[in-house]
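Q: Below is the file coords10.cif, which contains mmCIF, C-alpha atoms.
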data_model
#
loop_
_atom_site.label_atom_id
_atom_site.label_comp_id
_atom_site.auth_asym_id
_atom_site.auth_seq_id
_atom_site.Cartn_x
_atom_site.Cartn_y
_atom_site.Cartn_z
CA MET L 1 5.68 25.92 1.00
CA VAL L 2 7.82 22.96 0.01
CA ALA L 3 11.21 24.13 -1.28
CA PHE L 4 12.47 23.49 -4.80
CA ARG L 5 14.34 20.21 -5.10
CA LYS L 6 15.43 17.54 -7.53
CA VAL L 7 14.50 13.88 -7.08
CA ILE L 8 15.59 10.71 -8.88
CA VAL L 9 13.67 7.47 -8.33
CA ILE L 10 15.12 4.20 -9.64
CA LEU L 11 12.45 1.73 -10.80
CA SER L 12 12.67 -2.04 -10.93
CA GLY L 13 10.37 -5.04 -11.09
CA SER L 14 9.05 -7.74 -13.42
CA GLY L 15 12.53 -8.11 -14.86
CA ALA L 16 12.64 -4.50 -16.05
CA THR L 17 14.19 -1.25 -14.86
CA GLY L 18 13.57 2.44 -15.27
CA MET L 19 14.10 5.88 -13.80
CA VAL L 20 11.94 8.88 -12.91
CA LYS L 21 13.46 12.37 -12.64
CA LEU L 22 11.52 15.16 -10.93
CA SER L 23 12.37 18.79 -10.26
CA GLY L 24 10.32 21.63 -8.82
CA SER L 25 8.42 22.73 -5.72
CA PHE L 26 6.54 19.73 -4.36
CA ASP L 27 3.72 21.77 -2.84
CA GLY L 28 0.84 20.39 -4.92
CA MET L 29 0.10 23.85 -6.31
CA ASN L 30 2.87 24.30 -8.86
CA LYS L 31 3.73 21.85 -11.61
CA VAL L 32 6.82 19.69 -11.24
CA LYS L 33 8.84 18.89 -14.36
CA GLY L 34 9.53 15.21 -14.82
CA GLU L 35 10.81 12.49 -17.08
CA CYS L 36 10.02 8.77 -17.02
CA ALA L 37 12.52 6.55 -18.82
CA SER L 38 12.05 2.79 -19.14
CA GLU L 39 12.35 0.42 -22.08
CA ALA L 40 9.35 -1.43 -20.65
CA ALA L 41 7.10 1.60 -21.03
CA LYS L 42 4.66 1.48 -23.94
CA ARG L 43 1.70 3.54 -25.08
CA GLY L 44 -1.05 3.39 -22.47
CA SER L 45 1.30 2.91 -19.52
CA LYS L 46 0.58 4.73 -16.26
CA LEU L 47 3.04 6.30 -13.83
CA TYR L 48 1.88 7.06 -10.29
CA ILE L 49 3.98 9.52 -8.28
CA ILE L 50 3.21 8.91 -4.62
CA GLY L 51 3.92 11.41 -1.86
CA ASN L 52 1.37 12.90 0.53
CA ASP L 53 -1.03 12.46 -2.36
CA ILE L 54 -0.83 10.77 -5.77
CA ALA L 55 -0.18 12.28 -9.19
CA GLU L 56 -1.04 10.26 -12.30
CA VAL L 57 0.89 10.52 -15.56
CA ASN L 58 0.20 8.94 -18.96
CA VAL L 59 3.39 7.34 -20.27
CA GLU L 60 3.41 6.99 -24.05
CA ASN L 61 6.90 5.69 -24.84
CA ALA L 62 10.27 4.66 -23.42
CA LYS L 63 11.10 8.27 -22.57
CA THR L 64 8.21 10.51 -21.63
CA GLN L 65 8.48 14.06 -20.34
CA PHE L 66 5.67 15.65 -18.36
CA GLU L 67 4.61 18.41 -15.98
CA VAL L 68 2.25 17.65 -13.13
CA PRO L 69 1.55 19.04 -9.61
CA VAL L 70 3.08 16.85 -6.89
CA TYR L 71 2.49 17.21 -3.15
CA ALA L 72 5.21 15.58 -1.04
CA LYS L 73 6.69 16.89 2.17
CA GLY L 74 9.03 13.91 2.54
CA GLY L 75 10.00 10.89 0.48
CA ILE L 76 8.57 10.06 -2.92
CA SER L 77 7.72 6.67 -4.38
CA CYS L 78 6.81 5.80 -7.97
CA LEU L 79 4.82 2.94 -9.50
CA LEU L 80 4.84 2.29 -13.25
CA LYS L 81 2.18 0.02 -14.75
CA THR L 82 2.89 -1.19 -18.28
CA GLU L 83 1.73 -4.26 -20.24
CA GLY L 84 1.34 -6.53 -17.25
CA LYS L 85 4.55 -5.34 -15.63
CA THR L 86 4.83 -3.35 -12.42
CA LEU L 87 7.94 -1.32 -11.64
CA VAL L 88 8.38 0.45 -8.31
CA GLY L 89 10.96 2.63 -6.64
CA SER L 90 11.36 5.00 -3.69
CA THR L 91 13.68 7.71 -2.44
CA GLU L 92 13.53 6.07 0.99
CA GLY L 93 15.13 2.72 0.27
CA ARG L 94 13.42 -0.40 -0.95
CA ALA L 95 9.87 0.17 -2.16
CA ASP L 96 7.03 -1.98 -0.83
CA ARG L 97 5.18 -2.91 -4.04
CA ARG L 98 2.05 -4.19 -2.29
CA ALA L 99 1.75 -1.09 -0.12
CA LEU L 100 2.15 1.17 -3.14
CA GLU L 101 -0.39 -0.83 -5.13
CA SER L 102 -2.85 -0.53 -2.24
CA ARG L 103 -2.48 3.24 -2.21
CA VAL L 104 -2.94 3.42 -5.97
CA GLU L 105 -6.07 1.24 -5.80
CA LEU L 106 -7.53 3.49 -3.11
CA TYR L 107 -6.70 6.50 -5.26
CA LYS L 108 -8.51 4.89 -8.21
CA ARG L 109 -11.58 4.14 -6.10
CA GLU L 110 -11.73 7.73 -4.89
CA LYS L 111 -11.43 8.92 -8.48
CA ILE L 112 -14.27 6.64 -9.61
CA ARG L 113 -16.41 7.73 -6.65
CA ALA L 114 -15.89 11.37 -7.60
CA ALA L 115 -16.94 10.63 -11.18
CA ARG L 116 -20.04 8.74 -10.06
CA ALA L 117 -20.98 11.62 -7.78
CA LYS L 118 -21.71 13.68 -10.86
CA GLU L 119 -24.15 11.06 -12.11
CA LYS L 120 -25.98 9.93 -9.00
CA VAL L 121 -26.77 11.88 -5.85
CA VAL L 122 -28.34 10.19 -2.85
CA CYS L 123 -29.08 11.90 0.45
CA ALA L 124 -29.06 10.13 3.80
CA PRO L 125 -32.38 9.26 5.52
CA PRO L 126 -33.77 11.36 8.37
CA SER L 127 -31.76 10.96 11.55
CA GLU L 128 -31.32 12.57 14.91
CA HIS L 129 -27.59 11.83 14.69
CA PHE L 130 -27.37 15.04 12.66
CA ALA L 131 -30.27 16.81 14.33
CA THR L 132 -29.86 20.31 15.67
CA PRO L 133 -28.16 20.03 19.08
CA SER L 134 -29.04 22.17 22.02
CA GLU L 135 -26.50 24.81 22.96
CA HIS L 136 -23.84 23.43 25.27
CA THR L 137 -20.22 23.84 26.21
CA LEU L 138 -17.35 21.76 24.91
CA ALA L 139 -17.24 19.81 28.20
CA GLN L 140 -20.88 18.82 27.70
CA GLU L 141 -20.34 17.54 24.15
CA PRO L 142 -22.44 14.39 23.64
CA SER L 143 -20.59 11.41 22.22
CA PRO L 144 -21.59 9.90 18.85
CA SER L 145 -22.46 6.65 20.64
CA ARG L 146 -25.02 8.41 22.84
CA GLU L 147 -26.44 10.18 19.80
CA ARG L 148 -26.70 6.84 18.00
CA SER L 149 -28.65 5.31 20.88
CA ASP L 150 -31.21 8.12 20.57
CA ALA L 151 -31.37 7.92 16.78
CA SER L 152 -33.47 4.76 16.68
CA SER L 153 -36.48 6.62 18.12
CA SER L 154 -36.11 9.66 15.87
CA THR L 155 -37.67 10.53 12.54
CA GLY L 156 -35.66 13.64 11.75
CA SER L 157 -36.37 17.36 12.06
CA PRO L 158 -39.71 18.51 10.64
CA ALA L 159 -39.66 20.94 7.74
CA ALA L 160 -42.05 23.82 7.30
CA ASP L 161 -44.47 21.62 5.32
CA GLY L 162 -44.54 18.97 8.04
CA LYS L 163 -42.26 16.56 6.20
CA ALA L 164 -39.06 15.31 7.78
CA GLU L 165 -35.87 16.77 6.37
CA THR L 166 -32.81 14.72 5.59
CA PRO L 167 -29.50 15.73 7.21
CA CYS L 168 -28.29 17.07 3.85
CA GLU L 169 -31.41 19.19 3.45
CA ARG L 170 -31.07 20.62 6.95
CA VAL L 171 -27.46 21.60 6.33
CA ARG L 172 -28.17 23.20 2.98
CA THR L 173 -31.21 25.05 4.39
CA SER L 174 -29.16 26.36 7.31
CA ALA L 175 -26.42 27.54 4.99
CA ALA L 176 -28.91 29.18 2.66
CA GLU L 177 -30.44 31.11 5.58
CA GLY L 178 -27.06 32.23 6.83
CA GLY L 179 -26.74 29.75 9.69
CA SER L 180 -23.77 27.63 10.66
CA ALA L 181 -23.73 24.28 8.91
CA LEU L 182 -21.25 22.97 11.42
CA GLY L 183 -22.99 23.94 14.62
CA SER L 184 -22.39 26.65 17.19
CA SER L 185 -19.25 24.94 18.45
CA PRO L 186 -16.56 23.19 16.39
CA ALA L 187 -16.90 20.25 18.78
CA GLU L 188 -20.34 19.51 17.38
CA ALA L 189 -20.91 17.04 14.56
CA PRO L 190 -20.10 18.93 11.36
CA PHE L 191 -23.39 18.23 9.65
CA ALA L 192 -25.55 19.34 12.58
CA PRO L 193 -26.73 22.90 11.88
CA SER L 194 -27.35 25.21 14.81
CA PRO L 195 -30.78 26.75 15.24
CA LEU L 196 -31.17 30.24 13.82
CA SER L 197 -32.47 33.10 15.90
CA GLY L 198 -35.80 33.61 14.25
CA GLY L 199 -34.22 33.06 10.85
CA LYS L 200 -32.50 36.45 11.12
CA ALA L 201 -28.91 35.30 11.49
CA GLU L 202 -26.39 37.12 9.34
CA PRO L 203 -24.45 35.10 6.73
CA PHE L 204 -21.42 33.57 8.43
CA GLY L 205 -18.02 34.42 7.02
CA GLY L 206 -19.70 36.94 4.70
CA VAL L 207 -20.73 34.14 2.28
CA ARG L 208 -24.37 33.23 1.73
CA TYR L 209 -25.10 29.76 0.39
CA ASP L 210 -26.58 29.94 -3.10
CA GLY L 211 -26.84 26.22 -3.92
CA THR L 212 -23.47 25.96 -5.63
CA ASN L 213 -20.96 27.16 -3.01
CA PHE L 214 -21.54 24.85 -0.04
CA TYR L 215 -17.86 24.53 0.93
CA GLN L 216 -17.23 28.28 0.77
CA ALA L 217 -20.29 28.90 2.94
CA ILE L 218 -19.08 26.55 5.70
CA LYS L 219 -15.34 27.21 5.25
CA PRO L 220 -14.99 29.34 8.43
CA GLN L 221 -16.25 26.44 10.55
CA ILE L 222 -14.15 23.89 8.63
CA ASP L 223 -11.05 26.06 9.14
CA GLU L 224 -11.75 26.32 12.87
CA LEU L 225 -12.04 22.54 13.18
CA PHE L 226 -8.65 22.10 11.54
CA VAL L 227 -7.10 24.67 13.86
CA ARG L 228 -8.60 23.36 17.11
CA TYR L 229 -8.28 19.60 16.64
CA PRO L 230 -5.34 17.29 15.90
CA ALA L 231 -4.73 15.72 12.51
CA GLU L 232 -5.86 12.13 11.86
CA PRO L 233 -2.57 10.79 10.40
CA ARG L 234 -3.96 7.39 9.34
CA LEU L 235 -6.49 8.91 6.97
CA ASN L 236 -4.11 11.62 5.82
CA ALA L 237 -1.72 8.83 4.80
CA ILE L 238 -4.14 6.61 2.87
CA VAL L 239 -6.57 9.06 1.22
CA PRO L 240 -4.83 10.94 -1.58
CA ASN L 241 -5.05 14.72 -1.66
CA SER L 242 -7.03 15.11 1.55
CA LYS L 243 -6.74 16.40 5.09
CA TRP L 244 -8.46 15.06 8.20
CA VAL L 245 -8.82 15.88 11.89
CA ARG L 246 -9.91 13.75 14.83
CA VAL L 247 -12.51 15.15 17.24
CA ASP L 248 -12.55 13.31 20.59
CA THR L 249 -15.89 13.52 22.35
CA ASP L 250 -14.87 11.50 25.41
CA ALA L 251 -12.17 9.04 26.49
CA ASP L 252 -13.33 6.28 24.14
CA ASP L 253 -15.31 7.95 21.38
CA TYR L 254 -14.50 10.24 18.50
CA TYR L 255 -15.36 11.15 14.95
CA VAL L 256 -13.31 12.44 12.03
CA VAL L 257 -13.81 15.35 9.67
CA GLY L 258 -12.07 15.62 6.31
CA VAL L 259 -11.87 17.55 3.07
CA LEU L 260 -10.97 15.89 -0.25
CA PHE L 261 -9.37 17.96 -2.99
CA ASP L 262 -8.86 17.80 -6.73
CA LEU L 263 -5.43 19.44 -6.64
CA SER L 264 -6.32 22.55 -4.59
CA LEU L 265 -10.08 22.51 -5.30
CA PRO L 266 -12.28 21.04 -2.51
CA ILE L 267 -14.63 18.38 -3.90
CA PHE L 268 -16.01 16.64 -0.77
CA VAL L 269 -16.56 17.46 2.89
CA CYS L 270 -16.45 14.22 4.90
CA TYR L 271 -17.66 13.02 8.29
CA GLY L 272 -16.81 9.58 9.62
CA VAL L 273 -17.09 7.31 12.63
CA PRO L 274 -14.71 4.43 13.42
CA GLY L 275 -15.75 0.80 13.07
CA VAL L 276 -15.17 -2.49 11.28
CA ARG L 277 -16.75 -3.60 8.03
CA THR L 278 -18.27 -6.77 9.48
CA VAL L 279 -20.28 -4.73 11.99
CA PRO L 280 -23.11 -2.71 10.39
CA PRO L 281 -22.70 1.06 10.60
CA PRO L 282 -24.85 3.15 12.93
CA GLU L 283 -28.44 3.30 11.73
CA GLU L 284 -28.09 6.95 10.79
CA LEU L 285 -25.22 6.13 8.40
CA ALA L 286 -26.67 2.96 6.90
CA ASP L 287 -27.90 4.47 3.62
CA ALA L 288 -25.20 7.09 3.04
CA GLY L 289 -22.09 5.78 4.80
CA VAL L 290 -19.27 4.39 2.64
CA TRP L 291 -16.79 1.91 4.13
CA LEU L 292 -13.16 3.11 4.11
CA PRO L 293 -10.66 0.51 5.44
CA LEU L 294 -7.41 1.68 7.00
CA ASP L 295 -5.59 -1.21 5.30
CA ALA L 296 -6.64 -2.17 1.77
CA ARG L 297 -5.09 -5.59 2.34
CA ASN L 298 -7.49 -6.16 5.23
CA PRO L 299 -10.80 -4.64 4.06
CA ASP L 300 -12.77 -6.23 6.92
CA GLY L 301 -10.45 -4.80 9.58
CA GLU L 302 -10.50 -1.38 11.19
CA GLY L 303 -11.67 1.64 9.27
CA PHE L 304 -14.34 4.31 9.09
CA TRP L 305 -17.92 4.64 7.89
CA VAL L 306 -17.77 7.92 6.01
CA ILE L 307 -20.38 10.30 4.63
CA TYR L 308 -19.28 12.37 1.62
CA GLN L 309 -20.96 15.73 0.97
CA SER L 310 -20.46 17.55 -2.30
CA ALA L 311 -18.42 20.72 -1.81
CA ALA L 312 -20.59 22.34 -4.47
CA ASP L 313 -24.16 21.72 -3.30
CA GLY L 314 -23.87 19.88 0.03
CA LYS L 315 -25.63 16.73 -1.19
CA CYS L 316 -24.58 13.36 0.24
CA ILE L 317 -23.15 11.00 -2.36
CA ARG L 318 -22.16 7.34 -2.60
#
Would you encode the structure as structure tokens?

A:
Amino acid sequence: MVAFRKVIVILSGSGATGMVKLSGSFDGMNKVKGECASEAAKRGSKLYIIGNDIAEVNVENAKTQFEVPVYAKGGISCLLKTEGKTLVGSTEGRADRRALESRVELYKREKIRAARAKEKVVCAPPSEHFATPSEHTLAQEPSPSRERSDASSSTGSPAADGKAETPCERVRTSAAEGGSALGSSPAEAPFAPSPLSGGKAEPFGGVRYDGTNFYQAIKPQIDELFVRYPAEPRLNAIVPNSKWVRVDTDADDYYVVGVLFDLSLPIFVCYGVPGVRTVPPPEELADAGVWLPLDARNPDGEGFWVIYQSAADGKCIR
């Protein structure tokens, strides 16, 4: 837990100044008391408190008090948007306005994507990239690139009625039957369910999937991934309120697994492969993959094609 502390951030920019005072435990779970003071602040202004994730505060006047959860293990930066003016400040020296604006824009996009997820749900097309793998050891783990090369000749796993299932459907079916939605080994692609032994497998982790608790049903496997594999610091830094790990499959290939939170509540389980925006994603990600650049100032540079699955029902969203 992050210890109780007091923080003062001096704001400046656009010919205006201000100050943000914060006090509390910056663990993201408990509310931090704060005050934003700036003569430039008017009704409708927004204050963004930026640490390991971003907290958003409505600023209504020149001196606004608030309470909001803040997660920050280290330094804290603030960005105040008001009537065409942008004020920034940081506890770690001079604030980089463009970098802070990029983080805020990414935060806004993630917020919009979460809102749209409630309105429109789209599952990925059938694909062997997420097909049930054969049992193997960690040393025999196939790389995503080899799986991609096989995907072009695949039409997905057949369902009981003879129709091909989408990856999302296979995962949800496996969870509902008590199988592992992440595979028999944490090294396997997270959305590749392991085969069940005659459909008689016991519910893993003591939680049976009921259509509304997807994350809780796969949480034991998610937790094991985050214990066994190293953090992906680039994504942890740019995606607010999330945590990611990198799973290396061989010397040159890897994928990432992440969980996005609304405060402490999981809202998406994510799987991604590295790439660049100008190169089309692997065929199996074409209809469900969302482009996430590592640098918002260079959207066509390096980044990840990411699939987002609802933590509630396991459906893929865009």

Q: With all atoms listed in the file as the basis for distance, which of L:Val290, L:Val247, L:Ile218, L:Leu235 is at the shortest distance from Ala312 of chain L?

A: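 Looking at the shortest contact to Ala312 of chain L, the residue is L:Ile218.
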
Q: Using the chain letters and residue numbers of this document, give as a ChimeraX atom specification the residues selected by the PyMOL selection byres ((chain L and resi 45-57) around 8).

A: /L:41-44,58-60,66,68-83,100,104,107,236-237,239-242

Q: I need the residues from that last selection saved to file as a PDB file, keeping the file's coordinate frame (with C-alpha atoms), if you can.

A:
ATOM      1  CA  ALA L  41       7.100   1.600 -21.030  1.00  0.00           C
ATOM      2  CA  LYS L  42       4.660   1.480 -23.940  1.00  0.00           C
ATOM      3  CA  ARG L  43       1.700   3.540 -25.080  1.00  0.00           C
ATOM      4  CA  GLY L  44      -1.050   3.390 -22.470  1.00  0.00           C
ATOM      5  CA  ASN L  58       0.200   8.940 -18.960  1.00  0.00           C
ATOM      6  CA  VAL L  59       3.390   7.340 -20.270  1.00  0.00           C
ATOM      7  CA  GLU L  60       3.410   6.990 -24.050  1.00  0.00           C
ATOM      8  CA  PHE L  66       5.670  15.650 -18.360  1.00  0.00           C
ATOM      9  CA  VAL L  68       2.250  17.650 -13.130  1.00  0.00           C
ATOM     10  CA  PRO L  69       1.550  19.040  -9.610  1.00  0.00           C
ATOM     11  CA  VAL L  70       3.080  16.850  -6.890  1.00  0.00           C
ATOM     12  CA  TYR L  71       2.490  17.210  -3.150  1.00  0.00           C
ATOM     13  CA  ALA L  72       5.210  15.580  -1.040  1.00  0.00           C
ATOM     14  CA  LYS L  73       6.690  16.890   2.170  1.00  0.00           C
ATOM     15  CA  GLY L  74       9.030  13.910   2.540  1.00  0.00           C
ATOM     16  CA  GLY L  75      10.000  10.890   0.480  1.00  0.00           C
ATOM     17  CA  ILE L  76       8.570  10.060  -2.920  1.00  0.00           C
ATOM     18  CA  SER L  77       7.720   6.670  -4.380  1.00  0.00           C
ATOM     19  CA  CYS L  78       6.810   5.800  -7.970  1.00  0.00           C
ATOM     20  CA  LEU L  79       4.820   2.940  -9.500  1.00  0.00           C
ATOM     21  CA  LEU L  80       4.840   2.290 -13.250  1.00  0.00           C
ATOM     22  CA  LYS L  81       2.180   0.020 -14.750  1.00  0.00           C
ATOM     23  CA  THR L  82       2.890  -1.190 -18.280  1.00  0.00           C
ATOM     24  CA  GLU L  83       1.730  -4.260 -20.240  1.00  0.00           C
ATOM     25  CA  LEU L 100       2.150   1.170  -3.140  1.00  0.00           C
ATOM     26  CA  VAL L 104      -2.940   3.420  -5.970  1.00  0.00           C
ATOM     27  CA  TYR L 107      -6.700   6.500  -5.260  1.00  0.00           C
ATOM     28  CA  ASN L 236      -4.110  11.620   5.820  1.00  0.00           C
ATOM     29  CA  ALA L 237      -1.720   8.830   4.800  1.00  0.00           C
ATOM     30  CA  VAL L 239      -6.570   9.060   1.220  1.00  0.00           C
ATOM     31  CA  PRO L 240      -4.830  10.940  -1.580  1.00  0.00           C
ATOM     32  CA  ASN L 241      -5.050  14.720  -1.660  1.00  0.00           C
ATOM     33  CA  SER L 242      -7.030  15.110   1.550  1.00  0.00           C
TER      34      SER L 242
END

Q: Between atom CA of Glu67 of chain L and atom CA of Lys21 of chain L, what distance in Å does the model show, to one decimal?

A: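 Separation of atom CA of Glu67 of chain L and atom CA of Lys21 of chain L: 11.2 Å.
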
Q: Let me make sure I understand: among L:Glu284, L:Asp253, L:Glu92, L:Asp313, which one has the smallest atom-to-atom distance to Ile267 of chain L if we use only C-alpha atoms?

A: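 Closest to Ile267 of chain L of all the choices is L:Asp313.
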
Q: With distances taken over all atoms listed in the file, which of L:Gly303, L:Gly272, L:Pro220, L:Gly211 is nearest to Trp244 of chain L?

A: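 Under the stated criterion, the closest residue is L:Gly272.
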
Q: How many Å separate atom CA of Lys219 of chain L from atom CA of Gly258 of chain L?

A: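 Atom-to-atom, atom CA of Lys219 of chain L to atom CA of Gly258 of chain L, that is 12.1 Å.
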